[in-house]
>>> print(open('my_file.txt').read())   # compact mmCIF, C-alpha atoms
# COMPACT_ATOMS: atom_id res chain seq x y z
CA PRO I 1 105.43 98.87 135.01
CA THR I 2 103.31 100.32 137.78
CA GLY I 3 99.78 101.66 137.75
CA ASP I 4 101.15 105.17 138.30
CA LYS I 5 102.95 105.00 134.96
CA ALA I 6 99.76 104.24 133.05
CA ASP I 7 98.40 107.76 133.43
CA ILE I 8 101.73 109.27 132.38
CA LEU I 9 101.79 107.07 129.28
CA LEU I 10 98.26 108.08 128.33
CA ARG I 11 99.08 111.77 128.77
CA LYS I 12 102.05 111.26 126.44
CA VAL I 13 99.72 109.72 123.85
CA PHE I 14 97.45 112.77 123.99
CA PHE I 15 100.49 115.06 123.75
CA ILE I 16 101.85 113.19 120.72
CA ILE I 17 98.52 113.51 118.91
CA TYR I 18 98.47 117.26 119.61
CA GLU I 19 102.03 117.56 118.37
CA THR I 20 101.16 115.63 115.21
CA MET I 21 98.18 117.92 114.54
CA ASP I 22 100.36 120.99 115.01
CA ILE I 23 103.04 119.74 112.60
CA LEU I 24 100.40 118.88 109.99
CA ILE I 25 98.74 122.29 110.23
CA THR I 26 102.03 124.21 110.28
CA ASP I 27 103.44 122.34 107.30
CA MET I 28 100.20 122.81 105.36
CA LYS I 29 100.42 126.55 105.98
CA ARG I 30 104.03 126.52 104.76
CA SER I 31 103.21 124.14 101.86
CA SER I 32 106.31 122.20 102.80
CA PHE I 33 106.12 118.63 104.05
CA ASP I 34 109.66 117.94 105.16
CA HIS I 35 108.80 116.41 108.55
CA LEU I 36 107.75 112.95 107.34
CA GLY I 37 110.51 111.33 109.41
CA VAL I 38 109.39 113.22 112.52
CA MET I 39 105.78 112.23 111.88
CA LYS I 40 106.78 108.57 111.49
CA ASP I 41 108.78 108.75 114.72
CA LEU I 42 105.78 110.26 116.54
CA MET I 43 103.54 107.49 115.21
CA GLN I 44 105.98 104.81 116.38
CA ARG I 45 106.31 106.44 119.82
CA CYS I 46 102.53 106.58 120.08
CA ASP I 47 102.37 102.87 119.18
CA ARG I 48 104.92 102.05 121.90
CA PHE I 49 103.19 104.17 124.55
CA CYS I 50 99.77 102.69 123.73
CA ASN I 51 101.12 99.15 123.89
CA PHE I 52 102.99 99.86 127.11
CA TYR I 53 99.87 101.49 128.59
CA CYS I 54 97.84 98.34 127.87
CA ARG I 55 100.57 96.08 129.27
CA THR I 56 100.78 98.24 132.40
CA LEU I 57 97.05 98.02 132.99
CA TRP I 58 97.06 94.30 132.22
CA LYS I 59 99.86 93.65 134.70
CA ASN I 60 97.97 95.57 137.38
CA LYS I 61 94.69 93.82 136.48
CA LYS I 62 93.08 97.13 135.48
CA LEU I 63 92.82 96.58 131.74
CA ASN I 64 89.19 96.39 130.72
CA PRO I 65 87.51 96.53 127.31
CA PHE I 66 86.79 100.25 127.68
CA ALA I 67 90.41 101.21 128.41
CA TRP I 68 91.71 98.96 125.65
CA THR I 69 89.21 100.30 123.09
CA MET I 70 89.94 103.91 124.03
CA VAL I 71 93.68 103.43 123.54
CA GLN I 72 93.19 101.63 120.24
CA GLN I 73 90.98 104.47 118.95
CA LEU I 74 93.58 107.04 120.04
CA LEU I 75 96.19 105.01 118.18
CA LEU I 76 94.03 104.95 115.04
CA THR I 77 93.54 108.71 115.36
CA GLN I 78 97.32 109.18 115.43
CA HIS I 79 97.70 106.94 112.38
CA SER I 80 95.06 108.97 110.51
CA PHE I 81 97.13 112.12 110.94
CA PHE I 82 100.32 110.36 109.87
CA TYR I 83 98.81 108.92 106.70
CA CYS I 84 97.25 112.25 105.77
CA TYR I 85 100.65 113.90 106.17
CA LYS I 86 102.35 111.15 104.18
CA ALA I 87 99.85 111.50 101.32
CA LEU I 88 100.35 115.27 101.25
CA SER I 89 104.11 114.81 101.30
CA GLU I 90 104.08 112.34 98.41
CA ASN I 91 101.62 114.32 96.26
CA LYS I 92 103.15 117.75 96.89
CA TYR I 93 99.86 119.62 97.26
CA LYS I 94 100.02 123.35 97.97
CA ASN I 95 97.61 126.26 98.43
CA PHE I 96 95.14 124.88 100.91
CA SER I 97 91.78 126.60 101.23
CA SER I 98 90.57 128.20 104.42
CA SER I 99 87.88 125.49 104.66
CA ILE I 100 90.61 122.86 105.16
CA PHE I 101 92.18 124.87 107.98
CA LEU I 102 88.75 125.42 109.54
CA TYR I 103 88.17 121.67 109.40
CA LEU I 104 91.50 120.97 111.12
CA HIS I 105 90.79 123.66 113.72
CA ASP I 106 87.48 121.97 114.54
CA VAL I 107 89.15 118.53 114.67
CA LYS I 108 91.61 119.92 117.20
CA LYS I 109 88.74 121.49 119.15
CA MET I 110 86.92 118.15 119.23
CA PHE I 111 90.09 116.42 120.44
CA ARG I 112 90.41 118.95 123.27
CA ILE I 113 86.82 118.21 124.29
CA ILE I 114 87.52 114.46 124.24
CA GLU I 115 90.60 114.93 126.40
CA GLN I 116 88.58 116.98 128.90
CA MET I 117 85.86 114.35 128.93
CA TYR I 118 88.46 111.79 129.94
CA TYR I 119 90.57 113.76 132.42
CA LYS I 120 88.10 116.24 133.87
CA LYS I 121 85.04 114.02 133.52
CA GLU I 122 83.24 116.86 131.71
CA LEU I 123 80.58 114.65 130.20
CA ASN I 124 78.29 117.62 129.52
CA ASP I 125 80.53 118.32 126.53
CA LEU I 126 79.19 115.21 124.78
CA THR I 127 76.52 117.33 123.08
CA LEU I 128 79.13 119.82 121.86
CA ALA I 129 81.40 117.03 120.61
CA THR I 130 78.49 115.40 118.78
CA LYS I 131 77.52 118.67 117.09
CA LEU I 132 81.13 119.25 116.07
CA LYS I 133 81.39 115.71 114.69
CA ASP I 134 78.18 116.08 112.69
CA ASN I 135 79.35 119.41 111.32
CA LEU I 136 82.74 117.96 110.38
CA LEU I 137 81.45 114.76 108.81
CA PHE I 138 78.58 116.24 106.89
CA SER I 139 78.61 120.01 106.35
CA GLN I 140 82.33 120.68 106.27
CA THR I 141 83.24 117.56 104.28
CA THR I 142 80.79 118.65 101.57
CA GLN I 143 82.40 122.11 101.56
CA LEU I 144 85.88 120.58 101.26
CA GLN I 145 84.97 118.64 98.15
CA LYS I 146 84.57 121.82 96.10
CA THR I 147 88.30 122.04 95.39
CA LYS I 148 90.79 119.61 93.87
CA VAL I 149 92.89 119.50 97.06
CA GLY I 150 89.74 119.17 99.15
CA ILE I 151 88.56 116.16 97.16
CA PHE I 152 91.95 114.55 97.72
CA LEU I 153 92.03 115.38 101.45
CA SER I 154 88.39 114.81 102.39
CA PRO I 155 88.68 111.00 102.91
CA PHE I 156 91.67 111.53 105.23
CA LEU I 157 90.00 114.34 107.15
CA PHE I 158 86.69 112.48 107.35
CA ASP I 159 88.51 109.44 108.77
CA MET I 160 90.31 111.60 111.36
CA ALA I 161 87.09 113.09 112.68
CA LYS I 162 85.17 109.80 112.64
CA THR I 163 87.94 107.83 114.36
CA MET I 164 88.56 110.56 116.90
CA PHE I 165 84.88 110.75 117.84
CA SER I 166 84.86 106.98 118.45
CA VAL I 167 87.16 107.57 121.45
CA ILE I 168 84.15 108.97 123.33
CA SER I 169 82.21 105.70 123.74
CA PRO I 170 84.91 103.92 125.76
CA ILE I 171 85.45 107.10 127.81
CA LEU I 172 81.76 107.03 128.73
CA GLY I 173 82.09 103.33 129.57
CA LEU I 174 85.10 103.99 131.80
CA ASN I 175 83.21 106.76 133.55
CA MET I 176 80.19 104.51 134.16
CA GLU I 177 82.49 101.81 135.54
CA GLU I 178 84.15 104.30 137.92
CA ASN I 179 80.76 105.47 139.17
CA LYS I 180 79.70 101.87 139.75
CA ASN I 181 82.63 101.25 142.10
>>> encode(input="my_file.txt", output="structure tokens")
Amino acid sequence: PTGDKADILLRKVFFIIYETMDILITDMKRSSFDHLGVMKDLMQRCDRFCNFYCRTLWKNKKLNPFAWTMVQQLLLTQHSFFYCYKALSENKYKNFSSSIFLYLHDVKKMFRIIEQMYYKKELNDLTLATKLKDNLLFSQTTQLQKTKVGIFLSPFLFDMAKTMFSVISPILGLNMEENKN
């Protein structure tokens, strides 16, 4: 593995998480969860890419605690989406409220901000990401719990947003390290 491959691997991880979000949202809209095998495959590919990314950085002596933590949090984010999908598939829930789709839309928006913070170094978006996180974890989670499906989904959705937001700290650390050098 070369250092050039590390960035490609990380981009693939971001792409896989976007793809996972899209499948979850689409299947919720259709009330049909027949992509569990695809979701499991995406999770396993994400695991492989994250592991390979860390090995690539390690081999090139560029792996630091910030990079490792960021990748692990991305991996946990991917797993959160998979286990939410799996739970929905096994419990055959249907008829999702608009508040659930709003929540997922905002999760996707927060992920886009996180990606931009990493790739474009748009650290001014930290305030926006924090406001989104607070809204997701407090206001919107409370709203979700007003329906039977929302009560079932709220721990999964809460975990997604919380885990995803934790990607920001190592990104800030990586940025500070780059500015030091």
>>> atom_distance(input="my_file.txt", atom1="CA of Ile17 (chain I)", atom2="CA of Thr77 (chain I)")
7.8 Å
>>> residues_around(input="my_file.txt", residues="Arg112 (chain I)", least_positions_apart="4", cutoff="10 Å", atoms="all atoms listed in the file", output="list in words")
Phe14, Tyr18, Asp106, Val107, Lys108, Gln116, Met117, Tyr118 and Ala129 of chain I
>>> residues_around(input="my_file.txt", residues="Met176 (chain I)", least_positions_apart="4", cutoff="12 Å", atoms="all atoms listed in the file", output="PDB file with C-alpha atoms, keeping the file's coordinate frame")
ATOM      1  CA  PHE I  66      86.790 100.250 127.680  1.00  0.00           C
ATOM      2  CA  TYR I 118      88.460 111.790 129.940  1.00  0.00           C
ATOM      3  CA  LYS I 121      85.040 114.020 133.520  1.00  0.00           C
ATOM      4  CA  LEU I 123      80.580 114.650 130.200  1.00  0.00           C
ATOM      5  CA  SER I 169      82.210 105.700 123.740  1.00  0.00           C
ATOM      6  CA  PRO I 170      84.910 103.920 125.760  1.00  0.00           C
ATOM      7  CA  ILE I 171      85.450 107.100 127.810  1.00  0.00           C
ATOM      8  CA  LEU I 172      81.760 107.030 128.730  1.00  0.00           C
ATOM      9  CA  LYS I 180      79.700 101.870 139.750  1.00  0.00           C
ATOM     10  CA  ASN I 181      82.630 101.250 142.100  1.00  0.00           C
TER      11      ASN I 181
END
>>> residues_around(input="my_file.txt", residues="Ser154 (chain I)", least_positions_apart="4", cutoff="12 Å", atoms="only C-alpha atoms", output="MDAnalysis selection string")
chainID I and resid 84 87 99:100 103:104 136:150 158:162
>>> closest_residue(input="my_file.txt", among="I:Ile151, I:Met39, I:Val167, I:Leu157", to="Asp27 (chain I)", atoms="only C-alpha atoms")
I:Met39
>>> residues_around(input="my_file.txt", residues="region 41-53 of chain I", least_positions_apart="6", cutoff="8 Å", atoms="only C-alpha atoms", output="NGL selection string")
:I and (5-6 or 9-10 or 12-13 or 16 or 20 or 71-72 or 75 or 78-79 or 82)
>>> closest_residue(input="my_file.txt", among="I:Phe15, I:Tyr85, I:Trp58, I:Phe165", to="Ile113 (chain I)", atoms="all atoms listed in the file")
I:Phe165
>>> closest_residue(input="my_file.txt", among="I:Lys120, I:Phe96, I:Ser80, I:Lys61", to="Thr26 (chain I)", atoms="all atoms listed in the file")
I:Phe96
>>> closest_residue(input="my_file.txt", among="I:Glu90, I:Glu122, I:Asp22, I:Glu177", to="His105 (chain I)", atoms="only C-alpha atoms")
I:Asp22
>>> closest_residue(input="my_file.txt", among="I:Asp34, I:Asp7, I:Asp134, I:Glu19", to="Tyr119 (chain I)", atoms="only C-alpha atoms")
I:Asp7
>>> build_atoms(input="my_file.txt", residues="region 100-127 of chain I", atoms="N, CA and C atoms", output="mmCIF file, in the coordinates of the input")
data_model
loop_
_atom_site.group_PDB
_atom_site.id
_atom_site.type_symbol
_atom_site.label_atom_id
_atom_site.label_comp_id
_atom_site.auth_asym_id
_atom_site.auth_seq_id
_atom_site.Cartn_x
_atom_site.Cartn_y
_atom_site.Cartn_z
ATOM 1 N N ILE I 100 89.795 123.982 104.650
ATOM 2 C CA ILE I 100 90.610 122.860 105.160
ATOM 3 C C ILE I 100 91.164 123.217 106.534
ATOM 4 N N PHE I 101 91.644 124.454 106.680
ATOM 5 C CA PHE I 101 92.180 124.870 107.980
ATOM 6 C C PHE I 101 91.076 124.984 109.028
ATOM 7 N N LEU I 102 89.888 125.386 108.622
ATOM 8 C CA LEU I 102 88.750 125.420 109.540
ATOM 9 C C LEU I 102 88.411 124.009 109.999
ATOM 10 N N TYR I 103 88.440 123.072 109.075
ATOM 11 C CA TYR I 103 88.170 121.670 109.400
ATOM 12 C C TYR I 103 89.177 121.181 110.446
ATOM 13 N N LEU I 104 90.461 121.413 110.195
ATOM 14 C CA LEU I 104 91.500 120.970 111.120
ATOM 15 C C LEU I 104 91.385 121.659 112.481
ATOM 16 N N HIS I 105 91.007 122.938 112.469
ATOM 17 C CA HIS I 105 90.790 123.660 113.720
ATOM 18 C C HIS I 105 89.669 122.989 114.528
ATOM 19 N N ASP I 106 88.599 122.613 113.856
ATOM 20 C CA ASP I 106 87.480 121.970 114.540
ATOM 21 C C ASP I 106 87.831 120.554 114.998
ATOM 22 N N VAL I 107 88.676 119.857 114.240
ATOM 23 C CA VAL I 107 89.150 118.530 114.670
ATOM 24 C C VAL I 107 89.944 118.684 115.964
ATOM 25 N N LYS I 108 90.801 119.679 115.999
ATOM 26 C CA LYS I 108 91.610 119.920 117.200
ATOM 27 C C LYS I 108 90.711 120.306 118.383
ATOM 28 N N LYS I 109 89.703 121.096 118.118
ATOM 29 C CA LYS I 109 88.740 121.490 119.150
ATOM 30 C C LYS I 109 88.015 120.262 119.696
ATOM 31 N N MET I 110 87.603 119.368 118.801
ATOM 32 C CA MET I 110 86.920 118.150 119.230
ATOM 33 C C MET I 110 87.864 117.282 120.069
ATOM 34 N N PHE I 111 89.133 117.220 119.688
ATOM 35 C CA PHE I 111 90.090 116.420 120.440
ATOM 36 C C PHE I 111 90.279 116.989 121.850
ATOM 37 N N ARG I 112 90.303 118.303 121.954
ATOM 38 C CA ARG I 112 90.410 118.950 123.270
ATOM 39 C C ARG I 112 89.211 118.583 124.151
ATOM 40 N N ILE I 113 88.030 118.577 123.559
ATOM 41 C CA ILE I 113 86.820 118.210 124.290
ATOM 42 C C ILE I 113 86.912 116.752 124.757
ATOM 43 N N ILE I 114 87.382 115.877 123.896
ATOM 44 C CA ILE I 114 87.520 114.460 124.240
ATOM 45 C C ILE I 114 88.510 114.290 125.397
ATOM 46 N N GLU I 115 89.602 114.997 125.324
ATOM 47 C CA GLU I 115 90.600 114.930 126.400
ATOM 48 C C GLU I 115 89.991 115.398 127.727
ATOM 49 N N GLN I 116 89.227 116.477 127.690
ATOM 50 C CA GLN I 116 88.580 116.980 128.900
ATOM 51 C C GLN I 116 87.530 116.006 129.416
ATOM 52 N N MET I 117 86.843 115.348 128.503
ATOM 53 C CA MET I 117 85.860 114.350 128.930
ATOM 54 C C MET I 117 86.547 113.229 129.691
ATOM 55 N N TYR I 118 87.746 112.871 129.265
ATOM 56 C CA TYR I 118 88.460 111.790 129.940
ATOM 57 C C TYR I 118 89.064 112.259 131.267
ATOM 58 N N TYR I 119 89.827 113.349 131.232
ATOM 59 C CA TYR I 119 90.570 113.760 132.420
ATOM 60 C C TYR I 119 89.743 114.542 133.432
ATOM 61 N N LYS I 120 88.869 115.394 132.953
ATOM 62 C CA LYS I 120 88.100 116.240 133.870
ATOM 63 C C LYS I 120 86.685 115.731 134.078
ATOM 64 N N LYS I 121 86.368 114.633 133.409
ATOM 65 C CA LYS I 121 85.040 114.020 133.520
ATOM 66 C C LYS I 121 83.930 115.005 133.154
ATOM 67 N N GLU I 122 84.218 115.884 132.182
ATOM 68 C CA GLU I 122 83.240 116.860 131.710
ATOM 69 C C GLU I 122 82.344 116.223 130.657
ATOM 70 N N LEU I 123 81.430 115.400 131.115
ATOM 71 C CA LEU I 123 80.580 114.650 130.200
ATOM 72 C C LEU I 123 79.481 115.501 129.584
ATOM 73 N N ASN I 124 79.269 116.698 130.116
ATOM 74 C CA ASN I 124 78.290 117.620 129.520
ATOM 75 C C ASN I 124 78.723 118.050 128.127
ATOM 76 N N ASP I 125 80.005 117.913 127.840
ATOM 77 C CA ASP I 125 80.530 118.320 126.530
ATOM 78 C C ASP I 125 80.215 117.308 125.434
ATOM 79 N N LEU I 126 79.551 116.212 125.781
ATOM 80 C CA LEU I 126 79.190 115.210 124.780
ATOM 81 C C LEU I 126 78.326 115.824 123.679
ATOM 82 N N THR I 127 77.400 116.681 124.062
ATOM 83 C CA THR I 127 76.520 117.330 123.080
ATOM 84 C C THR I 127 77.339 118.193 122.131
#
